[in-house]
Amino acid sequence: MLGIPTAIIADMPEELPTMTHPALDRLTREEKASLVSGATFWTTETIEHAGIEGATLTDGPHGVRMQNPDTGEDHLGIAQSAPATAFPDRSALGSSWDVSLLQRIGEALGTEARALGVDILLGPGVNMKRSPLCGRNFEYLSEDPLHAGALGAGWVRGIQVKGVGASVKHFAANSQETDRLKISAEVDERTLREIYLPAFEHIVTEVQPATVMCSYNRINGVHASRNRWLLTEVLRDDWGFEGYVVSDWGAVSDSVESLAAGLDLEMPPRGNGSVAPLLAAIDDGRLSEETLDLAVSRILTTHDRLRAARSELPQPDFEAHHSLARQAASAGSVLLTNDGILPLDPDGQGTIAVVGELARTPRYQGAGSSHINPTRLDLALDAISRATARPVTFEAGYRLDGERDDEVLATATRNAQEAAVVVLFVGLPDAAESEGFDREHLDLPEAQLALIEALSTRDVPVVVVLSNGAVVDLGPVADASAILEMWLGGQASGSAAADLLFGISEPGGRLAETVPLRLSDTPAYLNWPGSDHVVLYGERVYIGYRWYDARELEVRFPFGHGLGYATFAYSDLEVVVPDPQTAQATVRATITNTGERDGSEVVQLYLAPHSARVDRPVRELRGFEKVRVPVGESRTVEFELGERDFAYWGEQGWTADPGEYTIAVGPSSRSLPLTETISLDVELKRAPLTGESSINEWLADPVGSGLMRQALAATSEGSPIPATDEVFRVAGGMPLETFVGFSGGNPVDVIGPLLKDLQAATAPDKAQDSAPREDTE
Ligand code: BGC
């Protein structure tokens, strides 16, 4: 099905349009060329006589950013847009680990998009958080591809149920803002396949997004917008993508090359600069008209299918969406530490001193193309005052413009010492992180650091509430009584903060990105952000926890970590391997709420291969489930592991090696109370042996080894390089044909018969009798 999840197939007409769109016959070549780039900044062409209605595409992942052409259109977060619900950013939604929550948010966004006449909403962003410095990390879900893929798929499913298309972006390897239109991500195929592509792959294969947005950057020298390997071989041939590929805004510089590579829609249009070159290229034979027809068909078919899936125009319930945003802000907030001070007692004794300008001037969304105009905005200061009978005071403590104000700081510190507890709001201002640039350090602003230091000398417990789109250095607040990371929590983050502080809701989030001890510990540190338009992904598959675990580095807070207001015990791990010759297992574990209130837990499953033919991460996330467990009750969670879960990307494609694997289940990547080791006896996938295969590769083959030894014994007799194990130890890396030549034989006479013998010995009817023959002629 194209772009439409199963849930709404029932609403679709029997006769689905095919990939040769019926309107093609009614269109001139010029009209077709005009359909593969935008008509305006946010729309595609309407061609009335052919019955083609243009479509509207607009940002963005956290809310609908529908602009009015009369008041300005831009992709930088500058001009105003229609009011829409500002949901929490992706760092918060990623931290929720809650696929169904993301689906519900997708549905709400789909409804708002429909009401505003939007056909395609440009999101979700599922690029990997390669470095905490990336200025746009607030738009991305995770440092782990399985996690980002699962949550992204939930969001896409939700929005597409409403007949609005998603645009999964930015495809691919777009994990930094520095030099983003030119930088070439130099990254090997294994790293792409295992880390930077799987989130896209999962969303494409599970829910068929209507569109995929190609990124600005180059990958191994070729711009994503004209990268045939990426847009056609991987996306369509390998994964079966059926929607259309849209460019990031301004990512196309050569319309002809892009179309030929598999890009369908160029946005926004470059005047006649997009259409004229296509017509010229068809005229002079550089581009086939079929290629143009295919792109037009994909675009029109996708739009038809979205429209066919729609019911009558919905009226968004903005109140309900605000409540959903509030619930999501709690679900994505991560309680990093808590000495027991939280939740605060709303009817307790003593003053609550709210300190920090961010409590009354919140930072709740990121800057750039995802910036929207919220329907309303809750302030934490108001919400806290409303939620408690206790006296609440407020001091700004610092200025958000970065200027240090000693007077403001001194007053805040003086007054705070009279309070029973300080609730300190700190975080990053807009100027610190945004689309378009990367950060240079992980520090909180200087004025806030000075305040933190001053407060730490007073004898009052401090609860720190953080608003930031990406990880900051938490060293300066490490001694606080509690640290609550709220990310950029959306328009309801203020009321959610009060809910969390007073225990009306629980912090449901778990980290989807490691909090390091220092910037120099981070995986891309030595390869960031590149120079001369090139950035080397030198850490390869070792990003996030894969890096810290492989390097045995201490971290401030590990991937997966987060506390709630309940406590949980893990028990009864059961691992069933139905057939050791097949890489497959069923895993069950039991979680018991041992706390004093109902709560939710994110049960995480990691897989650790003991040995493999390639270097592999110590452990990798292979399953997770968020479960709600009432006090005193238990729940059993079940995971199914398949071949791909055991596999790495090698020269034979996805490969699961035989051997031992430890399955570990627990509440974070570094707290895994349940473990069990299983042994798989799956067939070892190898490249076929040839004369160019090394001696070691021949030796590793159970049949080829004996045959090779026999063949060499004959040819190398009396040679200064005899075919002995001693010689093989030093010459093991040598291609067999070279060895034969060195040891006095003629490779042509030896290799041909050897390969024939090998083929005969491994032919299916000889499978039982694979011993080397006596006669190796
Ligand atoms: C961003 C995209 C966005 C597009 C349209 C680009 O600058 O990278 O994420 O969807 O603008 O606003």
# chains A, B, ... in the order shown; residues from 1 in each chain; ligands from 1
>>> residues_around(residues="region 544-560 of chain A", least_positions_apart="3", cutoff="8 Å", atoms="only C-alpha atoms", output="PDB file with N, CA, C and O atoms, in the first residue's frame")
ATOM      1  N   LYS A 129      21.425  11.142  16.652  1.00  0.00           N
ATOM      2  CA  LYS A 129      22.153  12.142  17.442  1.00  0.00           C
ATOM      3  C   LYS A 129      23.590  11.652  17.556  1.00  0.00           C
ATOM      4  O   LYS A 129      23.934  10.913  18.472  1.00  0.00           O
ATOM      5  N   ARG A 130      24.383  12.084  16.588  1.00  0.00           N
ATOM      6  CA  ARG A 130      25.781  11.625  16.549  1.00  0.00           C
ATOM      7  C   ARG A 130      26.618  12.361  17.583  1.00  0.00           C
ATOM      8  O   ARG A 130      27.547  11.802  18.153  1.00  0.00           O
ATOM      9  N   GLU A 143      19.785   8.481  19.898  1.00  0.00           N
ATOM     10  CA  GLU A 143      21.102   8.049  19.418  1.00  0.00           C
ATOM     11  C   GLU A 143      21.050   6.582  18.997  1.00  0.00           C
ATOM     12  O   GLU A 143      22.065   5.999  18.664  1.00  0.00           O
ATOM     13  N   ASP A 144      19.860   5.996  19.046  1.00  0.00           N
ATOM     14  CA  ASP A 144      19.724   4.579  18.683  1.00  0.00           C
ATOM     15  C   ASP A 144      18.709   4.413  17.548  1.00  0.00           C
ATOM     16  O   ASP A 144      17.580   4.904  17.638  1.00  0.00           O
ATOM     17  N   LEU A 336      16.319  12.619  36.502  1.00  0.00           N
ATOM     18  CA  LEU A 336      17.671  12.050  36.452  1.00  0.00           C
ATOM     19  C   LEU A 336      18.179  11.649  37.827  1.00  0.00           C
ATOM     20  O   LEU A 336      18.849  10.619  37.980  1.00  0.00           O
ATOM     21  N   LEU A 474      25.935  18.467  33.039  1.00  0.00           N
ATOM     22  CA  LEU A 474      25.192  18.517  34.301  1.00  0.00           C
ATOM     23  C   LEU A 474      26.103  18.469  35.522  1.00  0.00           C
ATOM     24  O   LEU A 474      25.614  18.382  36.644  1.00  0.00           O
ATOM     25  N   ARG A 510      12.732   8.302  29.849  1.00  0.00           N
ATOM     26  CA  ARG A 510      14.028   7.635  30.040  1.00  0.00           C
ATOM     27  C   ARG A 510      14.932   8.188  28.948  1.00  0.00           C
ATOM     28  O   ARG A 510      14.473   8.414  27.813  1.00  0.00           O
ATOM     29  N   LEU A 511      16.188   8.362  29.247  1.00  0.00           N
ATOM     30  CA  LEU A 511      17.080   9.024  28.283  1.00  0.00           C
ATOM     31  C   LEU A 511      17.162   8.246  26.970  1.00  0.00           C
ATOM     32  O   LEU A 511      17.408   7.034  26.967  1.00  0.00           O
ATOM     33  N   ALA A 512      17.015   8.991  25.874  1.00  0.00           N
ATOM     34  CA  ALA A 512      17.233   8.391  24.555  1.00  0.00           C
ATOM     35  C   ALA A 512      18.573   8.871  24.012  1.00  0.00           C
ATOM     36  O   ALA A 512      18.875   8.721  22.831  1.00  0.00           O
ATOM     37  N   GLU A 513      19.356   9.502  24.879  1.00  0.00           N
ATOM     38  CA  GLU A 513      20.714   9.924  24.526  1.00  0.00           C
ATOM     39  C   GLU A 513      21.538   9.938  25.815  1.00  0.00           C
ATOM     40  O   GLU A 513      21.055  10.337  26.876  1.00  0.00           O
ATOM     41  N   THR A 514      22.768   9.483  25.706  1.00  0.00           N
ATOM     42  CA  THR A 514      23.645   9.430  26.867  1.00  0.00           C
ATOM     43  C   THR A 514      23.997  10.847  27.316  1.00  0.00           C
ATOM     44  O   THR A 514      24.232  11.715  26.483  1.00  0.00           O
ATOM     45  N   VAL A 515      24.058  11.063  28.617  1.00  0.00           N
ATOM     46  CA  VAL A 515      24.606  12.333  29.124  1.00  0.00           C
ATOM     47  C   VAL A 515      26.059  12.048  29.516  1.00  0.00           C
ATOM     48  O   VAL A 515      26.319  11.297  30.458  1.00  0.00           O
ATOM     49  N   PRO A 516      27.013  12.621  28.767  1.00  0.00           N
ATOM     50  CA  PRO A 516      28.421  12.305  29.037  1.00  0.00           C
ATOM     51  C   PRO A 516      28.959  13.104  30.210  1.00  0.00           C
ATOM     52  O   PRO A 516      28.344  14.082  30.649  1.00  0.00           O
ATOM     53  N   LEU A 517      30.127  12.708  30.697  1.00  0.00           N
ATOM     54  CA  LEU A 517      30.776  13.491  31.755  1.00  0.00           C
ATOM     55  C   LEU A 517      31.402  14.741  31.165  1.00  0.00           C
ATOM     56  O   LEU A 517      31.434  15.790  31.785  1.00  0.00           O
ATOM     57  N   ASP A 521      34.666  13.226  25.846  1.00  0.00           N
ATOM     58  CA  ASP A 521      34.336  11.795  25.874  1.00  0.00           C
ATOM     59  C   ASP A 521      33.420  11.394  24.720  1.00  0.00           C
ATOM     60  O   ASP A 521      33.196  10.204  24.506  1.00  0.00           O
ATOM     61  N   THR A 522      32.815  12.361  24.041  1.00  0.00           N
ATOM     62  CA  THR A 522      31.731  12.016  23.117  1.00  0.00           C
ATOM     63  C   THR A 522      32.277  11.370  21.843  1.00  0.00           C
ATOM     64  O   THR A 522      33.409  11.652  21.425  1.00  0.00           O
ATOM     65  N   PRO A 523      31.472  10.497  21.216  1.00  0.00           N
ATOM     66  CA  PRO A 523      31.963   9.646  20.130  1.00  0.00           C
ATOM     67  C   PRO A 523      32.572  10.397  18.947  1.00  0.00           C
ATOM     68  O   PRO A 523      33.572   9.955  18.389  1.00  0.00           O
ATOM     69  N   GLU A 539      34.121   7.248  13.994  1.00  0.00           N
ATOM     70  CA  GLU A 539      33.752   6.361  15.111  1.00  0.00           C
ATOM     71  C   GLU A 539      32.889   5.193  14.624  1.00  0.00           C
ATOM     72  O   GLU A 539      32.551   4.309  15.381  1.00  0.00           O
ATOM     73  N   VAL A 541      30.256   2.532  13.723  1.00  0.00           N
ATOM     74  CA  VAL A 541      28.969   2.177  14.348  1.00  0.00           C
ATOM     75  C   VAL A 541      28.914   2.557  15.827  1.00  0.00           C
ATOM     76  O   VAL A 541      27.879   2.400  16.472  1.00  0.00           O
ATOM     77  N   GLN A 604      13.759  -2.593  28.793  1.00  0.00           N
ATOM     78  CA  GLN A 604      14.663  -2.551  27.642  1.00  0.00           C
ATOM     79  C   GLN A 604      15.391  -3.882  27.470  1.00  0.00           C
ATOM     80  O   GLN A 604      15.841  -4.467  28.450  1.00  0.00           O
ATOM     81  N   PRO A 617      29.458  -3.772  18.606  1.00  0.00           N
ATOM     82  CA  PRO A 617      29.228  -3.091  19.879  1.00  0.00           C
ATOM     83  C   PRO A 617      29.019  -4.095  21.005  1.00  0.00           C
ATOM     84  O   PRO A 617      28.584  -5.229  20.772  1.00  0.00           O
ATOM     85  N   VAL A 618      29.347  -3.671  22.209  1.00  0.00           N
ATOM     86  CA  VAL A 618      29.208  -4.556  23.375  1.00  0.00           C
ATOM     87  C   VAL A 618      27.764  -5.045  23.488  1.00  0.00           C
ATOM     88  O   VAL A 618      27.499  -6.218  23.715  1.00  0.00           O
ATOM     89  N   ARG A 619      26.839  -4.129  23.337  1.00  0.00           N
ATOM     90  CA  ARG A 619      25.414  -4.499  23.382  1.00  0.00           C
ATOM     91  C   ARG A 619      24.636  -3.503  22.536  1.00  0.00           C
ATOM     92  O   ARG A 619      25.069  -2.361  22.344  1.00  0.00           O
ATOM     93  N   GLU A 620      23.490  -3.964  22.035  1.00  0.00           N
ATOM     94  CA  GLU A 620      22.638  -3.081  21.227  1.00  0.00           C
ATOM     95  C   GLU A 620      21.184  -3.286  21.616  1.00  0.00           C
ATOM     96  O   GLU A 620      20.744  -4.416  21.855  1.00  0.00           O
ATOM     97  N   PRO A 667      16.311  -1.784  33.217  1.00  0.00           N
ATOM     98  CA  PRO A 667      15.786  -0.432  33.101  1.00  0.00           C
ATOM     99  C   PRO A 667      16.710   0.565  32.402  1.00  0.00           C
ATOM    100  O   PRO A 667      16.316   1.700  32.197  1.00  0.00           O
ATOM    101  N   SER A 668      17.945   0.191  32.053  1.00  0.00           N
ATOM    102  CA  SER A 668      18.790   1.109  31.279  1.00  0.00           C
ATOM    103  C   SER A 668      19.930   0.310  30.665  1.00  0.00           C
ATOM    104  O   SER A 668      20.153  -0.850  31.036  1.00  0.00           O
ATOM    105  N   SER A 669      20.680   0.953  29.769  1.00  0.00           N
ATOM    106  CA  SER A 669      21.762   0.230  29.101  1.00  0.00           C
ATOM    107  C   SER A 669      22.848  -0.182  30.084  1.00  0.00           C
ATOM    108  O   SER A 669      23.653  -1.056  29.786  1.00  0.00           O
ATOM    109  N   ARG A 670      22.876   0.462  31.257  1.00  0.00           N
ATOM    110  CA  ARG A 670      23.892   0.086  32.240  1.00  0.00           C
ATOM    111  C   ARG A 670      23.293  -0.477  33.522  1.00  0.00           C
ATOM    112  O   ARG A 670      23.960  -0.536  34.561  1.00  0.00           O
TER     113      ARG A 670
END
>>> residues_near_ligand(ligand="ligand 1", cutoff="6 Å", atoms="only C-alpha atoms and all ligand atoms", output="list in words")
Asp59, His75, Leu122, Asp248, Trp249 and Ser369 of chain A
>>> closest_residue(among="A:Ala569, A:Leu231, A:Val587, A:Leu424", to="Gly632 (chain A)", atoms="only C-alpha atoms")
A:Ala569
>>> residues_around(residues="Val212 (chain A)", least_positions_apart="2", cutoff="12 Å", atoms="only C-alpha atoms", output="PyMOL selection string")
chain A and resi 3+120-126+156+165-172+200-201+203-204+208-210+214-215+224-225+230-232+235-236+241-248+262-265+299+302
>>> write_last_selection(atoms="C-alpha atoms", output="PDB file, in the first residue's frame")
ATOM      1  CA  GLY A   3       1.634   5.852   2.015  1.00  0.00           C
ATOM      2  CA  ILE A 120       1.920  16.728   3.808  1.00  0.00           C
ATOM      3  CA  LEU A 121       3.476  17.587   7.172  1.00  0.00           C
ATOM      4  CA  LEU A 122       7.273  17.734   6.977  1.00  0.00           C
ATOM      5  CA  GLY A 123       8.380  15.321   9.686  1.00  0.00           C
ATOM      6  CA  PRO A 124       9.386  13.268  11.578  1.00  0.00           C
ATOM      7  CA  GLY A 125      13.123  13.919  11.776  1.00  0.00           C
ATOM      8  CA  VAL A 126      14.839  10.636  12.525  1.00  0.00           C
ATOM      9  CA  VAL A 156       3.747   8.551  10.899  1.00  0.00           C
ATOM     10  CA  GLY A 165       1.102  12.451   4.566  1.00  0.00           C
ATOM     11  CA  ALA A 166       4.332  12.424   6.547  1.00  0.00           C
ATOM     12  CA  SER A 167       7.778  13.279   5.250  1.00  0.00           C
ATOM     13  CA  VAL A 168      10.496  11.305   6.964  1.00  0.00           C
ATOM     14  CA  LYS A 169      13.606  13.466   7.041  1.00  0.00           C
ATOM     15  CA  HIS A 170      16.473  14.164   6.470  1.00  0.00           C
ATOM     16  CA  PHE A 171      17.538  11.229   4.330  1.00  0.00           C
ATOM     17  CA  ALA A 172      20.398  10.628   5.218  1.00  0.00           C
ATOM     18  CA  PHE A 200      14.211   5.308   7.884  1.00  0.00           C
ATOM     19  CA  GLU A 201      14.103   1.680   6.812  1.00  0.00           C
ATOM     20  CA  ILE A 203       9.373   3.517   8.968  1.00  0.00           C
ATOM     21  CA  VAL A 204       9.340   2.802   5.235  1.00  0.00           C
ATOM     22  CA  GLN A 208       5.013   3.489   4.103  1.00  0.00           C
ATOM     23  CA  PRO A 209       5.279   7.227   4.683  1.00  0.00           C
ATOM     24  CA  ALA A 210       3.784   9.297   1.868  1.00  0.00           C
ATOM     25  CA  CYS A 214      16.304  13.944   1.100  1.00  0.00           C
ATOM     26  CA  SER A 215      18.880  15.854   3.103  1.00  0.00           C
ATOM     27  CA  ALA A 224      21.702  13.143  -1.139  1.00  0.00           C
ATOM     28  CA  SER A 225      19.440  14.905  -3.662  1.00  0.00           C
ATOM     29  CA  LEU A 230      20.411   6.124  -1.658  1.00  0.00           C
ATOM     30  CA  LEU A 231      17.212   7.258  -3.365  1.00  0.00           C
ATOM     31  CA  THR A 232      16.701   4.331  -5.685  1.00  0.00           C
ATOM     32  CA  LEU A 235      15.086   3.289  -0.623  1.00  0.00           C
ATOM     33  CA  ARG A 236      13.048   1.740  -3.405  1.00  0.00           C
ATOM     34  CA  PHE A 241       9.325   2.599  -0.792  1.00  0.00           C
ATOM     35  CA  GLU A 242       6.191   3.502  -2.753  1.00  0.00           C
ATOM     36  CA  GLY A 243       5.695   7.195  -2.011  1.00  0.00           C
ATOM     37  CA  TYR A 244       7.680  10.103  -3.433  1.00  0.00           C
ATOM     38  CA  VAL A 245      10.982  11.688  -2.542  1.00  0.00           C
ATOM     39  CA  VAL A 246      10.859  15.443  -1.909  1.00  0.00           C
ATOM     40  CA  SER A 247      13.978  17.553  -1.629  1.00  0.00           C
ATOM     41  CA  ASP A 248      14.826  19.483   1.482  1.00  0.00           C
ATOM     42  CA  GLY A 262      15.250   9.031  -7.936  1.00  0.00           C
ATOM     43  CA  LEU A 263      14.186  12.402  -6.533  1.00  0.00           C
ATOM     44  CA  ASP A 264      10.581  13.166  -7.507  1.00  0.00           C
ATOM     45  CA  LEU A 265       9.675  16.629  -6.224  1.00  0.00           C
ATOM     46  CA  ILE A 299       3.515  12.385  -6.781  1.00  0.00           C
ATOM     47  CA  THR A 302       0.432   9.655  -3.427  1.00  0.00           C
TER      48      THR A 302
END
>>> closest_residue(among="A:Thr388, A:Thr351, A:Thr43, A:Ser505", to="Ala419 (chain A)", atoms="only C-alpha atoms")
A:Thr351
>>> closest_residue(among="A:Leu758, A:Leu358, A:Val534, A:Leu324", to="Asn217 (chain A)", atoms="only C-alpha atoms")
A:Val534
>>> atom_distance(atom1="CA of Ala331 (chain A)", atom2="CA of Leu101 (chain A)")
8.7 Å
